[in-house]
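File shown: final.txt (compact mmCIF, C-alpha atoms and all ligand atoms).
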# COMPACT_ATOMS: atom_id res chain seq x y z
CA MET A 27 -8.85 33.47 -16.39
CA ARG A 28 -9.73 35.02 -13.05
CA GLN A 29 -9.55 38.50 -14.54
CA ALA A 30 -11.96 37.49 -17.32
CA GLU A 31 -14.35 36.01 -14.78
CA ARG A 32 -14.15 39.15 -12.65
CA ALA A 33 -14.70 41.30 -15.72
CA ILE A 34 -18.06 39.60 -16.24
CA PHE A 35 -19.29 41.12 -13.00
CA ASP A 36 -18.11 44.61 -13.96
CA LEU A 37 -19.81 44.34 -17.34
CA ARG A 38 -23.02 43.25 -15.64
CA ARG A 39 -22.77 46.31 -13.36
CA GLY A 40 -22.56 48.55 -16.42
CA LEU A 41 -18.85 49.36 -16.02
CA PRO A 42 -16.22 49.43 -18.76
CA ILE A 43 -13.36 46.97 -18.82
CA LEU A 44 -10.14 46.96 -20.77
CA VAL A 45 -9.32 44.23 -23.29
CA ARG A 46 -5.72 43.90 -24.35
CA ASP A 47 -4.21 42.28 -27.40
CA ASN A 48 -0.59 42.58 -28.48
CA GLY A 49 0.02 45.90 -26.84
CA SER A 50 -3.21 47.54 -28.03
CA THR A 51 -5.84 48.27 -25.42
CA THR A 52 -9.56 48.83 -25.96
CA LEU A 53 -12.28 49.87 -23.56
CA ILE A 54 -15.31 47.63 -23.77
CA GLN A 55 -18.73 48.32 -22.32
CA ALA A 56 -22.07 46.55 -22.70
CA VAL A 57 -24.69 48.35 -24.78
CA GLU A 58 -27.28 46.86 -22.43
CA GLY A 59 -27.76 49.40 -19.64
CA LEU A 60 -25.60 52.05 -21.35
CA ASP A 61 -26.82 55.62 -20.94
CA ASP A 62 -25.61 58.83 -22.59
CA LYS A 63 -23.53 59.86 -19.60
CA ALA A 64 -21.68 56.54 -19.52
CA LEU A 65 -21.16 56.70 -23.29
CA ALA A 66 -19.65 60.19 -23.01
CA GLU A 67 -17.39 59.06 -20.15
CA LEU A 68 -16.21 56.07 -22.18
CA GLN A 69 -15.34 58.29 -25.11
CA ALA A 70 -13.54 60.79 -22.89
CA LEU A 71 -11.51 58.07 -21.19
CA GLY A 72 -10.55 56.29 -24.41
CA GLY A 73 -10.03 59.44 -26.46
CA SER A 74 -11.39 57.90 -29.67
CA GLN A 75 -14.66 57.27 -31.46
CA PRO A 76 -16.26 53.99 -30.23
CA ARG A 77 -17.42 51.32 -32.64
CA LEU A 78 -20.39 49.04 -32.14
CA VAL A 79 -19.63 45.33 -31.95
CA LEU A 80 -22.48 42.96 -32.82
CA SER A 81 -22.67 39.16 -32.86
CA SER A 82 -23.00 37.30 -36.18
CA HIS A 83 -26.58 36.39 -35.21
CA ARG A 84 -27.50 40.02 -34.64
CA MET A 85 -25.90 40.92 -37.97
CA ALA A 86 -28.04 38.24 -39.62
CA ALA A 87 -31.13 39.71 -37.98
CA LEU A 88 -30.12 43.10 -39.42
CA GLY A 89 -29.98 41.54 -42.89
CA PHE A 90 -26.27 40.65 -43.08
CA GLY A 91 -26.57 36.89 -43.00
CA ASP A 92 -23.15 36.23 -44.49
CA THR A 93 -21.01 37.10 -41.47
CA GLU A 94 -19.97 34.05 -39.51
CA GLN A 95 -17.98 36.11 -37.04
CA PRO A 96 -19.10 39.10 -35.01
CA ALA A 97 -18.82 42.42 -36.81
CA ALA A 98 -17.36 45.79 -35.86
CA VAL A 99 -19.60 48.58 -37.09
CA SER A 100 -18.31 52.15 -37.44
CA LEU A 101 -21.07 54.74 -37.22
CA SER A 102 -20.68 58.40 -38.02
CA PRO A 103 -22.21 60.26 -36.35
CA LEU A 104 -22.29 57.91 -33.37
CA PRO A 105 -25.93 57.38 -32.30
CA ASP A 106 -26.90 58.15 -28.71
CA SER A 107 -27.25 55.31 -26.22
CA LYS A 108 -30.89 54.70 -27.19
CA GLY A 109 -29.91 54.45 -30.88
CA LEU A 110 -27.14 51.97 -30.01
CA HIS A 111 -29.55 49.94 -27.91
CA ASP A 112 -32.00 49.79 -30.83
CA LEU A 113 -29.25 48.56 -33.15
CA ALA A 114 -28.25 45.96 -30.55
CA CYS A 115 -31.57 44.25 -30.06
CA MET A 116 -34.69 45.96 -31.39
CA ARG A 117 -36.67 44.20 -34.04
CA ASP A 118 -37.15 46.93 -36.64
CA ALA A 119 -33.73 48.56 -36.39
CA ARG A 120 -31.63 49.11 -39.51
CA LEU A 121 -28.00 50.11 -39.82
CA PRO A 122 -27.96 53.78 -40.88
CA ASP A 123 -26.59 54.84 -44.26
CA GLY A 124 -22.87 55.30 -44.07
CA ALA A 125 -22.37 52.62 -41.43
CA ARG A 126 -19.23 50.68 -42.25
CA GLN A 127 -18.88 47.12 -41.04
CA ALA A 128 -15.77 45.00 -40.83
CA PRO A 129 -15.13 41.51 -39.47
CA ALA A 130 -14.53 41.79 -35.75
CA GLY A 131 -10.93 41.66 -34.61
CA LYS A 132 -9.76 39.54 -31.71
CA VAL A 133 -10.61 42.18 -29.10
CA ASP A 134 -14.12 42.57 -30.49
CA ARG A 135 -14.68 38.81 -30.55
CA ALA A 136 -13.45 38.66 -26.96
CA ALA A 137 -16.00 41.36 -26.06
CA ILE A 138 -18.86 39.32 -27.51
CA ARG A 139 -17.67 36.22 -25.68
CA LEU A 140 -17.52 38.10 -22.38
CA LEU A 141 -21.00 39.58 -22.83
CA SER A 142 -22.63 36.27 -23.80
CA HIS A 143 -20.98 34.66 -20.82
CA ALA A 144 -22.32 37.49 -18.66
CA LEU A 145 -25.84 36.71 -19.99
CA LEU A 146 -26.14 40.25 -21.35
CA VAL A 147 -27.30 41.24 -24.83
CA PRO A 148 -24.19 40.41 -26.90
CA ALA A 149 -23.49 43.92 -28.17
CA ALA A 150 -20.61 46.13 -27.05
CA VAL A 151 -19.22 49.57 -27.59
CA ALA A 152 -15.47 49.30 -28.14
CA CYS A 153 -13.26 52.35 -27.77
CA ASP A 154 -9.56 52.01 -28.61
CA VAL A 155 -7.37 53.84 -26.12
CA ALA A 156 -5.63 56.75 -27.85
CA ALA A 157 -1.95 57.35 -27.06
CA ALA A 158 -2.80 60.59 -25.28
CA GLN A 159 -5.08 58.73 -22.88
CA ALA A 160 -2.72 55.86 -22.06
CA GLY A 161 -1.50 57.48 -18.82
CA ARG A 162 -4.99 58.12 -17.49
CA VAL A 163 -6.12 54.60 -18.34
CA GLU A 164 -3.00 53.19 -16.62
CA ALA A 165 -3.88 55.20 -13.54
CA GLU A 166 -7.46 53.86 -13.52
CA MET A 167 -6.06 50.32 -13.77
CA ALA A 168 -3.59 50.96 -10.97
CA ASN A 169 -6.40 52.35 -8.78
CA GLY A 170 -8.35 49.16 -9.31
CA ASN A 171 -11.12 51.03 -11.16
CA LEU A 172 -10.54 49.27 -14.45
CA LEU A 173 -10.05 45.54 -14.93
CA VAL A 174 -7.83 44.43 -17.77
CA VAL A 175 -8.39 41.17 -19.60
CA ASP A 176 -6.28 39.48 -22.21
CA ALA A 177 -8.28 38.88 -25.42
CA ASP A 178 -6.93 35.34 -25.85
CA ILE A 179 -7.96 34.43 -22.34
CA ALA A 180 -11.44 35.93 -22.71
CA LEU A 181 -11.91 33.89 -25.88
CA LYS A 182 -11.29 30.72 -23.88
CA LEU A 183 -14.15 31.51 -21.47
CA GLY A 184 -16.57 28.63 -21.26
CA ALA A 185 -14.15 26.18 -22.87
CA GLY A 186 -13.98 24.41 -19.51
CA GLY A 187 -11.66 21.53 -18.90
CA PRO A 188 -10.69 19.36 -15.96
CA GLY A 189 -11.09 21.06 -12.63
CA ALA A 190 -13.59 23.58 -13.97
CA LEU A 191 -16.39 22.03 -11.98
CA ASN A 192 -16.23 21.47 -8.23
CA ARG A 193 -18.49 19.24 -6.19
CA ILE A 194 -19.54 21.50 -3.33
CA SER A 195 -22.27 20.08 -1.11
CA GLU A 196 -25.04 17.51 -1.01
CA ALA A 197 -28.05 16.39 0.99
CA ARG A 198 -30.98 14.01 0.96
CA VAL A 199 -34.04 15.73 -0.54
CA PRO A 200 -37.09 13.46 -0.75
CA LEU A 201 -39.17 14.37 -3.79
CA ALA A 202 -42.86 13.76 -4.40
CA GLU A 203 -41.99 11.68 -7.48
CA ALA A 204 -38.91 10.00 -6.01
CA GLU A 205 -38.59 9.80 -2.26
CA ASN A 206 -35.06 8.46 -2.23
CA SER A 207 -33.27 11.40 -3.85
CA ARG A 208 -30.06 13.30 -3.10
CA PHE A 209 -29.16 16.73 -4.42
CA VAL A 210 -25.48 17.13 -5.27
CA LEU A 211 -24.38 20.67 -6.07
CA PHE A 212 -21.55 21.47 -8.47
CA ARG A 213 -20.07 24.96 -8.94
CA GLU A 214 -18.23 26.17 -12.01
CA ALA A 215 -14.86 27.79 -11.41
CA ASP A 216 -16.17 31.11 -12.76
CA GLY A 217 -18.41 31.39 -9.70
CA VAL A 218 -21.40 32.30 -11.88
CA HIS A 219 -23.08 28.97 -12.47
CA GLU A 220 -24.16 26.19 -10.13
CA HIS A 221 -25.67 22.94 -11.36
CA VAL A 222 -27.45 20.24 -9.41
CA ALA A 223 -27.34 16.49 -9.94
CA VAL A 224 -30.47 14.87 -8.53
CA VAL A 225 -29.30 11.37 -7.70
CA ILE A 226 -32.38 9.16 -7.58
CA GLY A 227 -32.41 5.77 -5.88
CA ASP A 228 -29.41 3.76 -4.74
CA PRO A 229 -26.52 3.96 -7.25
CA ALA A 230 -25.49 0.40 -6.32
CA ARG A 231 -28.84 -0.82 -7.64
CA TRP A 232 -29.11 1.32 -10.74
CA PRO A 233 -29.76 -0.42 -14.05
CA GLU A 234 -26.67 -1.07 -16.16
CA ASP A 235 -27.79 1.62 -18.63
CA VAL A 236 -28.34 4.40 -16.11
CA PRO A 237 -31.46 6.48 -16.82
CA VAL A 238 -30.32 10.11 -17.17
CA ARG A 239 -32.07 13.34 -17.98
CA LEU A 240 -30.33 16.63 -18.78
CA HIS A 241 -32.77 19.36 -17.86
CA SER A 242 -31.90 23.00 -18.53
CA SER A 243 -33.42 25.38 -16.03
CA CYS A 244 -36.62 27.17 -16.91
CA LEU A 245 -37.82 29.34 -14.05
CA THR A 246 -41.12 30.12 -15.74
CA GLY A 247 -41.96 26.53 -16.63
CA ASP A 248 -40.27 24.50 -13.89
CA LEU A 249 -41.38 26.63 -10.96
CA PHE A 250 -44.49 28.46 -12.09
CA GLY A 251 -45.93 25.96 -14.56
CA SER A 252 -45.85 28.42 -17.47
CA LEU A 253 -47.98 27.23 -20.36
CA ARG A 254 -45.56 28.71 -22.91
CA CYS A 255 -43.35 25.62 -22.75
CA ASP A 256 -43.40 21.99 -21.61
CA CYS A 257 -40.49 22.20 -19.15
CA GLY A 258 -42.30 21.84 -15.82
CA GLU A 259 -44.03 18.64 -16.83
CA GLN A 260 -40.90 17.22 -18.41
CA LEU A 261 -39.06 17.90 -15.15
CA ARG A 262 -41.54 16.11 -12.93
CA ARG A 263 -42.19 13.31 -15.40
CA GLY A 264 -38.43 12.93 -15.82
CA VAL A 265 -37.93 12.40 -12.09
CA ALA A 266 -40.85 9.94 -12.00
CA ALA A 267 -39.60 8.02 -15.05
CA ILE A 268 -36.09 7.69 -13.64
CA ASN A 269 -37.48 6.51 -10.31
CA ALA A 270 -39.78 3.99 -12.00
CA GLN A 271 -36.83 2.48 -13.85
CA GLY A 272 -34.85 1.79 -10.70
CA GLY A 273 -33.08 5.11 -10.26
CA GLY A 274 -30.57 7.27 -12.09
CA VAL A 275 -29.66 10.93 -12.41
CA LEU A 276 -31.42 14.12 -13.39
CA LEU A 277 -28.97 16.92 -14.07
CA TYR A 278 -30.59 20.28 -13.40
CA LEU A 279 -28.39 22.58 -15.44
CA SER A 280 -28.11 26.33 -14.95
CA GLN A 281 -28.82 27.06 -18.61
CA GLU A 282 -31.93 29.21 -18.43
CA GLY A 283 -33.39 30.04 -21.83
CA ARG A 284 -31.15 27.57 -23.70
CA GLY A 285 -28.17 29.40 -22.23
CA ILE A 286 -29.18 33.02 -22.88
CA GLY A 287 -30.36 33.75 -19.32
CA LEU A 288 -33.73 34.76 -17.96
CA ALA A 289 -33.47 38.45 -18.88
CA ASN A 290 -32.89 37.58 -22.52
CA LYS A 291 -35.51 34.82 -22.51
CA LEU A 292 -38.11 37.35 -21.36
CA ARG A 293 -36.95 39.73 -24.11
CA ALA A 294 -37.33 36.86 -26.57
CA TYR A 295 -40.82 36.11 -25.26
CA GLY A 296 -41.75 39.72 -26.01
CA LEU A 297 -40.59 39.26 -29.58
CA GLN A 298 -42.52 35.98 -29.85
CA ASP A 299 -45.64 37.88 -28.81
CA GLU A 300 -44.97 40.13 -31.80
CA GLY A 301 -45.00 37.09 -34.09
CA LEU A 302 -41.44 35.72 -34.20
CA ASP A 303 -40.80 32.06 -33.45
CA THR A 304 -38.49 30.97 -30.63
CA ILE A 305 -35.40 30.76 -32.88
CA ASP A 306 -35.87 34.04 -34.75
CA ALA A 307 -36.60 35.81 -31.47
CA ASP A 308 -33.26 34.66 -30.00
CA GLN A 309 -31.46 35.64 -33.18
CA THR A 310 -32.99 39.12 -33.06
CA ILE A 311 -31.28 39.79 -29.74
CA GLY A 312 -28.02 38.33 -30.98
CA PHE A 313 -28.00 34.65 -30.03
CA SER A 314 -27.75 31.34 -31.88
CA LYS A 315 -30.63 28.89 -31.73
CA ASP A 316 -28.99 27.10 -28.82
CA GLU A 317 -26.23 28.65 -26.72
CA ARG A 318 -25.87 25.65 -24.43
CA ASN A 319 -22.75 23.60 -24.04
CA PHE A 320 -23.35 20.16 -22.54
CA ARG A 321 -19.72 19.73 -21.51
CA VAL A 322 -20.76 20.53 -17.97
CA ALA A 323 -23.23 17.62 -18.03
CA HIS A 324 -20.50 15.29 -19.22
CA GLU A 325 -18.24 16.42 -16.38
CA MET A 326 -20.97 15.91 -13.79
CA LEU A 327 -21.69 12.40 -15.07
CA GLU A 328 -17.98 11.64 -15.02
CA GLN A 329 -17.65 12.81 -11.42
CA LEU A 330 -20.67 10.65 -10.52
CA GLY A 331 -19.07 7.65 -12.24
CA VAL A 332 -21.81 7.31 -14.88
CA SER A 333 -20.65 6.44 -18.38
CA ARG A 334 -23.32 4.19 -19.94
CA ILE A 335 -26.76 5.72 -20.09
CA LEU A 336 -30.36 5.67 -21.24
CA LEU A 337 -31.04 9.32 -22.06
CA LEU A 338 -34.49 10.77 -21.54
CA THR A 339 -34.81 13.46 -24.20
CA ASN A 340 -36.40 14.52 -27.46
CA ASN A 341 -33.36 16.57 -28.40
CA PRO A 342 -30.89 14.91 -30.81
CA GLY A 343 -28.34 17.61 -29.92
CA LYS A 344 -28.08 16.27 -26.37
CA VAL A 345 -27.46 12.72 -27.60
CA GLU A 346 -24.76 13.93 -29.98
CA ALA A 347 -23.08 16.17 -27.42
CA LEU A 348 -22.81 13.40 -24.84
CA GLN A 349 -21.66 10.83 -27.39
CA ARG A 350 -19.00 13.24 -28.65
CA ALA A 351 -17.83 13.69 -25.07
CA GLY A 352 -17.37 9.94 -24.70
CA ILE A 353 -20.54 8.98 -22.80
CA ASN A 354 -22.05 5.77 -24.13
CA VAL A 355 -25.67 6.72 -24.86
CA VAL A 356 -27.04 3.23 -25.34
CA ALA A 357 -30.66 4.24 -25.77
CA ARG A 358 -32.92 7.23 -25.59
CA GLN A 359 -36.46 7.57 -24.38
CA ALA A 360 -39.01 10.23 -25.29
CA ILE A 361 -40.14 12.54 -22.50
CA TYR A 362 -43.18 14.63 -23.25
CA GLY A 363 -45.13 17.38 -21.53
CA GLU A 364 -48.66 18.34 -22.46
CA VAL A 365 -49.32 20.20 -25.68
CA THR A 366 -51.20 23.40 -24.87
CA ARG A 367 -52.67 26.16 -26.99
CA GLN A 368 -49.83 28.37 -25.76
CA ASN A 369 -46.88 26.00 -26.30
CA GLN A 370 -48.00 24.35 -29.55
CA ARG A 371 -46.07 26.75 -31.78
CA TYR A 372 -42.96 26.53 -29.59
CA LEU A 373 -42.97 22.73 -29.80
CA ALA A 374 -43.67 22.76 -33.55
CA THR A 375 -40.69 25.11 -34.08
CA LYS A 376 -38.45 22.82 -32.04
CA ALA A 377 -39.52 19.90 -34.24
CA ALA A 378 -39.19 21.78 -37.53
CA ARG A 379 -36.12 23.93 -36.94
CA HIS A 380 -34.22 22.18 -34.11
CA GLY A 381 -34.93 18.66 -35.39
CA HIS A 382 -36.41 17.56 -32.04
CA TRP A 383 -38.17 14.18 -31.98
CA LEU A 384 -41.60 15.62 -31.26
CA HIS A 385 -43.58 14.67 -34.35
CA GLU A 386 -45.33 11.83 -32.63
CA LEU A 387 -46.48 14.10 -29.83
CA LEU A 388 -47.62 16.83 -32.19
CA ASP A 389 -49.32 14.44 -34.62
CA GLU A 390 -51.28 12.50 -32.01
CA GLN A 391 -52.02 15.11 -29.42
CA ASP A 392 -54.06 12.92 -27.08
CA GLU A 393 -51.95 9.80 -26.40
CA PRO A 394 -48.41 9.62 -27.81
CA SER A 395 -47.65 5.91 -27.98
CA SER A 396 -43.96 5.23 -27.46
CA GLN A 397 -42.37 6.66 -24.39
CA GLN A 398 -40.33 3.45 -24.33
CA PRO A 399 -36.55 3.27 -24.59
CA GLU A 400 -35.27 2.89 -28.14
CA SER A 401 -31.74 1.65 -28.77
CA LEU A 402 -29.29 3.96 -30.48
CA PRO A 403 -26.50 2.86 -32.79
CA ALA A 404 -23.04 2.87 -31.19
CA PRO A 405 -21.34 6.22 -31.88
CA GLU A 406 -18.84 4.64 -34.32
CA ALA A 407 -21.68 3.06 -36.27
CA ALA A 408 -23.63 6.32 -36.21
CA ALA A 409 -20.60 8.17 -37.58
CA ARG A 410 -20.25 5.65 -40.44
CA ASN A 411 -23.88 6.06 -41.52
N1 LIG B 501 -34.42 31.15 -25.52
C1 LIG B 501 -35.52 30.50 -25.20
N2 LIG B 501 -35.43 29.50 -24.32
C2 LIG B 501 -36.57 28.84 -24.03
C3 LIG B 501 -37.80 29.16 -24.58
N3 LIG B 501 -38.72 28.31 -24.04
C4 LIG B 501 -38.05 27.49 -23.20
N4 LIG B 501 -36.76 27.80 -23.19
C5 LIG B 501 -35.63 27.19 -22.51
O1 LIG B 501 -35.34 26.01 -23.19
C6 LIG B 501 -34.70 25.12 -22.30
C7 LIG B 501 -35.40 23.77 -22.42
O2 LIG B 501 -34.50 22.90 -22.05
P1 LIG B 501 -34.66 21.34 -21.93
O3 LIG B 501 -35.71 21.01 -20.95
O4 LIG B 501 -33.28 20.84 -21.67
O5 LIG B 501 -35.24 20.87 -23.30
P2 LIG B 501 -34.83 20.55 -24.76
O6 LIG B 501 -33.56 21.13 -25.24
O7 LIG B 501 -36.05 20.87 -25.52
O8 LIG B 501 -34.62 18.98 -24.76
P3 LIG B 501 -35.50 17.82 -24.16
O9 LIG B 501 -36.50 18.41 -23.23
O10 LIG B 501 -34.51 16.95 -23.47
O11 LIG B 501 -36.13 17.14 -25.31
C8 LIG B 501 -34.79 25.73 -20.92
O12 LIG B 501 -33.53 26.32 -20.61
C9 LIG B 501 -35.84 26.80 -21.09
O13 LIG B 501 -35.64 27.90 -20.21
C10 LIG B 501 -37.86 30.21 -25.51
O14 LIG B 501 -38.88 30.53 -26.09
N5 LIG B 501 -36.70 30.85 -25.78
ZN ZN B 502 -39.66 26.15 -20.23

Can you turn what I pasted into structure tokens?
Amino acid sequence: MRQAERAIFDLRRGLPILVRDNGSTTLIQAVEGLDDKALAELQALGGSQPRLVLSSHRMAALGFGDTEQPAAVSLSPLPDSKGLHDLACMRDARLPDGARQAPAGKVDRAAIRLLSHALLVPAAVACDVAAAQAGRVEAEMANGNLLVVDADIALKLGAGGPGALNRISEARVPLAEAENSRFVLFREADGVHEHVAVVIGDPARWPEDVPVRLHSSCLTGDLFGSLRCDCGEQLRRGVAAINAQGGGVLLYLSQEGRGIGLANKLRAYGLQDEGLDTIDADQTIGFSKDERNFRVAHEMLEQLGVSRILLLTNNPGKVEALQRAGINVVARQAIYGEVTRQNQRYLATKAARHGHWLHELLDEQDEPSSQQPESLPAPEAAARN
């Protein structure tokens, strides 16, 4: 796994890596940041014609909605780096005539997993290493210039498991909305992501159903008060609501842009300014409507000894994810920000296409009535219904 985690950094630096499966080796490089020189070097090193690997979501955006897996696209002639970039993430791009697509093999799927994990546009050039080039590629590996990753291992990236999350450091951090707060920092084993549990109040005096909020990071909203979303207000109101109920935990999760990263979120904002909604914009650059995995939240709660909770959210996906992981979500409570001219469409899309419980807020813009806890059926009962 360490090689896969290291490979993420090379991919982010615009370097090729080698993915191996059953004796075959393939050079993989991100399309994001690729220039013509790097493309020519990749081809020369591998000694074969690269293919373009695109995620299933990008294929859907290109009009091939029936692929559930990533696809490997053979292009002849191979476009230059700008042409590849357009095919990877530009809105009006079309596959050229003569492009042949096939379901991605294991190596190609591993490439997409690595790139998504690296928070890059999930599109790769993949160049199988020709027999004549094997010696040179070996030498690059031996020199430490080329990292090699096993496809099976790369495909397990992000699957987590015990020990994946380490509790690193903590301190008292009095907050305006909750003076008695501690920040507890957790680091994922991959070294990329750090998450913070804001422990509010005295755990010994917490209510039996511990008030918990899972808050995915949003630099624009949380820090700068962007009007495009409701995150900043939800964050502060979440802390205040937990404090008012006798304390609990706010998990501040490193999942910017619903897990696509800030660079991609800003790309998606550009597409929204051209008329796409938040989900179609993410799909255009190759992502699903929500790339987050709340396993990390479950692990943090477990390490904090919290198993029975009142969840502050409007997102049914969070309730389901925690219940599936074995957390007893006894009740959930709405947590609203303000509706603004700029975030109205975003919130309406979340309600209509993500199924978020926001109708009350959007219907009665001035004073939504029930930000009170509402009980949830026990998971077994919910599953029976
Ligand atoms: N990709 C993408 N992410 C966005 C956009 N607007 C906000 N976000 C991100 O969406 C996430 C919002 O996360 P949360 O605060 O957990 O909200 P939620 O999933 O709506 O659930 P609740 O707030 O609990 O109801 C943050 O990571 C934001 O950065 C957008 O237009 N595109
Ligand atoms: Zn936001």

**Q.** Test item: residues no farther than 9 Å from ligand ZN 502 (chain B), counting all atoms listed in the file, as a ChimeraX atom specification
**A.** /A:242-248,251-258,282-283

For C-alpha atoms, I'd like the residues from the last selection saved as a tab-separated table (two decimals), in the frame of the given file.
chain	number	residue	atom	x	y	z
A	242	SER	CA	-31.90	23.00	-18.53
A	243	SER	CA	-33.42	25.38	-16.03
A	244	CYS	CA	-36.62	27.17	-16.91
A	245	LEU	CA	-37.82	29.34	-14.05
A	246	THR	CA	-41.12	30.12	-15.74
A	247	GLY	CA	-41.96	26.53	-16.63
A	248	ASP	CA	-40.27	24.50	-13.89
A	251	GLY	CA	-45.93	25.96	-14.56
A	252	SER	CA	-45.85	28.42	-17.47
A	253	LEU	CA	-47.98	27.23	-20.36
A	254	ARG	CA	-45.56	28.71	-22.91
A	255	CYS	CA	-43.35	25.62	-22.75
A	256	ASP	CA	-43.40	21.99	-21.61
A	257	CYS	CA	-40.49	22.20	-19.15
A	258	GLY	CA	-42.30	21.84	-15.82
A	282	GLU	CA	-31.93	29.21	-18.43
A	283	GLY	CA	-33.39	30.04	-21.83

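Close contacts of stretch 137-146 of chain A, defined as residues with an atom at most 6 Å away when counting only C-alpha atoms, with chain neighbours fewer than 6 positions off set aside, comprise Ile34, Ile286 and Gly287 of chain A.
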
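In this model, the gap between atom CA of A:Glu328 and atom CA of A:Val238 comes to 12.6 Å.
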
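In this structure, atom CA of A:Ala56 sits 23.8 Å away from atom N4 of ligand LIG 501 (chain B).
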
Q: Could you tell me how far atom CA of A:Glu325 lies from atom CA of A:Asn269, in Å and to one decimal?
A: 22.5 Å

Q) With all atoms listed in the file as the atoms that count, which of A:His83, A:Ala157, A:Leu337, A:Thr93 lies nearest to A:Lys315? A) A:His83
